[in-house]
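Here the structure comes first, spelled out in structure tokens, and everything after it is commentary.
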Amino acid sequence: MDSLPRVGDFLLGYTGVMMLNAALAQLKLLQLADSALPIGSTAHSYGVESLVAEGQLGVAGLGQFLRAFVQESGQLEAYLAYQAWQLGAAAEFAQPWLDVNDHAAAFKPARESRHASAVLGRRLLSLALQLEPLPRWQQANSLAQTQQIETHHSCVFGLVAAGLAIEAEAMLAALLQQMTLSLILACQKILPLGQVQAQQLLWQLNPTLQAVVEQTPSITFADLAPCSIGLDAASMRHPLLGTRLFIS
């Protein structure tokens with residue numbers, strides 16, 4: 001009798017496997033949220049380069065600027081990612097997927113920033129398919145090609161995370177941190193911002209990131225601001241700069 005497996009041992013083993021699977025899924029999420037991911041995110045400043053060149057943004061005001069960025073642009077991207085994440089297991093996918101990407105494009109009035117979002121989304125989806133060609137990802141890619149639509153980065157990020165069975169909160173936190181870190185890294189190239197100071201800025205933004213993550217599931221389309229006026233206008237002026245380090 002002592003040699004027979006006990007229920008408790010079975011449950012412990014099952015729990016251990018589940019925890020390991022969750023940890024591996026988190027590792028995949030971290031890989032896809034890495035700023036070094038080869039999709040071209042480091043080539044964009046989304047209008048920040050214009051603000052710095054015009055003297056409207058410096059190191060002293062960077063913390064306040066980044067908080068506003070997370071609360072405005074970050075909230076929009078989190079909403080889009082959450083809508084896409086929900087489509088990961090939805091019975092009806094095609095039209096909602098087209099709609100969420102249309103909404104993403106409509107909320108990006110600046111051509112450069114809109115194009116950047118679409119390019120990064122297309123590259124992220126292409127890379128994900130090369131790593132693990134899940135059926136829903138293939139369906140999204142097929143729709144993008146046949147319908148000739150833009151697939152925006154936050155939408156693809158949410159869909160990819162759903163395919164990896166990542167919880168919504170973890171997905172949103174990873175997306176927001178990736179977005180914010182990308183801007184901070186851009187600022188390091190055009191401002192006297194050291195590595196330690198950059199990490200301090202990102203760390204201090206954690207409460208803001210958390211607040212956006214917590215409120216995103218209850219946000220509706222009607223709650224969204226039409227755009228981040230200052231940053232969008234700066235992105236529109238970006239092509240007029242005499243010297244440009246970034247694409248947007």
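Every chain in the structure tokens takes a letter, A first, then B, and so on in the order presented; its residues are numbered from 1, and the ligands are numbered from 1 following the presented order.
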Practice problem: Skip A:Ala140 itself and residues of its chain fewer than 3 positions away, then list as a list of chain:residue names all residues within 8 Å of it, counting only C-alpha atoms. | Solution: A:Ala94, A:Trp97, A:Arg136, A:Trp137, A:Leu143, A:Ala144
Please write the residues from the selection above to a file, keeping C-alpha atoms, as a short mmCIF file (atom, residue, chain, number, x, y, z; two decimals), in the first residue's frame.
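result_10.cif was written with the following content:
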data_model
loop_
_atom_site.label_atom_id
_atom_site.label_comp_id
_atom_site.auth_asym_id
_atom_site.auth_seq_id
_atom_site.Cartn_x
_atom_site.Cartn_y
_atom_site.Cartn_z
CA ALA A 94 -12.04 38.15 -38.10
CA TRP A 97 -9.57 41.88 -35.23
CA ARG A 136 -4.75 32.31 -34.32
CA TRP A 137 -1.56 34.19 -35.10
CA LEU A 143 -6.34 38.70 -42.52
CA ALA A 144 -3.71 41.42 -42.64
#
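For the atom pair formed by atom CA of A:Ile184 and atom CA of A:Met171, the distance is 20.0 Å, given to one decimal.
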Could I get the residues of stretch 131-177 of chain A with an atom no further than 12 Å from an atom of stretch 216-233 of chain A, each paired with its nearest atom pair and that distance in Å to one decimal, using only C-alpha atoms, sorted by chain and residue number, as CSV?
residue,atom,partner,partner_atom,distance
A:Ala168,CA,A:Pro217,CA,8.8
A:Glu169,CA,A:Thr216,CA,9.2
A:Met171,CA,A:Thr216,CA,11.6
A:Leu172,CA,A:Thr216,CA,8.6
A:Ala173,CA,A:Thr216,CA,10.8
A:Leu176,CA,A:Thr216,CA,11.6
Since we have the selection now, will you write its residues out, keeping C-alpha atoms, as a short mmCIF file (atom, residue, chain, number, x, y, z; two decimals), in the first residue's frame?
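File produced: again_21.cif:
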data_model
loop_
_atom_site.label_atom_id
_atom_site.label_comp_id
_atom_site.auth_asym_id
_atom_site.auth_seq_id
_atom_site.Cartn_x
_atom_site.Cartn_y
_atom_site.Cartn_z
CA ALA A 168 -4.00 40.13 -18.90
CA GLU A 169 -2.35 42.00 -16.02
CA MET A 171 0.64 41.36 -20.50
CA LEU A 172 -0.40 44.96 -19.86
CA ALA A 173 2.42 45.59 -17.41
CA LEU A 176 3.54 49.55 -20.75
#
Quiz item: A:Gln86, A:Gln75, A:Gln188, A:Ser126: which is nearest A:Ile39, counting only C-alpha atoms?
Solution: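 Closest to A:Ile39 of all the choices is A:Ser126.
For the atom pair formed by atom CA of A:Leu120 and atom CA of A:Ser41, the distance is 6.8 Å, given to one decimal.
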Practice problem: Please provide as a list of chain:residue names all residues within 8 Å of A:Val52, with the sequence filter that same-chain residues fewer than 6 positions apart are discarded (counting only C-alpha atoms). | Solution: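 Skipping anything fewer than 6 positions along the chain leaves A:Gly58, A:Ile190, A:Leu191.
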Exercise. Assign secondary structure with DSSP using the backbone only, and return the residues of stretch 11-156 of chain A in helix (DSSP H, G or I) as a PyMOL selection string.
Key: chain A and resi 11-32+41-43+48-53+62-89+94-106+111-131+135-147+153-156
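Going from atom CA of A:Ala174 over to atom CA of A:Gln145, you cover 27.5 Å.
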Self-check item: Of the listed residues A:Leu76, A:Val119, A:Ala53, A:Ala25, that which approaches A:Gly242 most closely, counting only C-alpha atoms
Solution: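 Between A:Leu76, A:Val119, A:Ala53, A:Ala25, the residue approaching A:Gly242 most closely is A:Ala53.
Within the 10 Å cut-off around A:Trp203, using only C-alpha atoms and omitting residues fewer than 6 positions from it on the same chain, the listed residues are Gln177, Gln197 and Leu209 of chain A.
Among the candidates A:Gln31, A:Gln71, A:Ser50, A:Thr208, the one nearest to A:Ala186 when counting only C-alpha atoms is A:Ser50.
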Self-check item: Pick from A:Ser113, A:Thr151, A:Thr42, A:Gln204, whichever lies nearest to A:Leu66 using only C-alpha atoms
Solution: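 So, comparing all the options, the nearest one is A:Gln204.
Distances from A:Ala22, A:Leu241, A:Ala68, A:Val48 to A:Leu205 were compared using only C-alpha atoms, and the smallest one belongs to A:Ala68.
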Quiz item: In terms of the shortest atom-to-atom distance over only C-alpha atoms, which of A:Ala162, A:Leu80, A:Val70, A:Leu240 is closest to A:Thr180?
Solution: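 Ranking A:Ala162, A:Leu80, A:Val70, A:Leu240 by distance to A:Thr180, first place goes to A:Val70.
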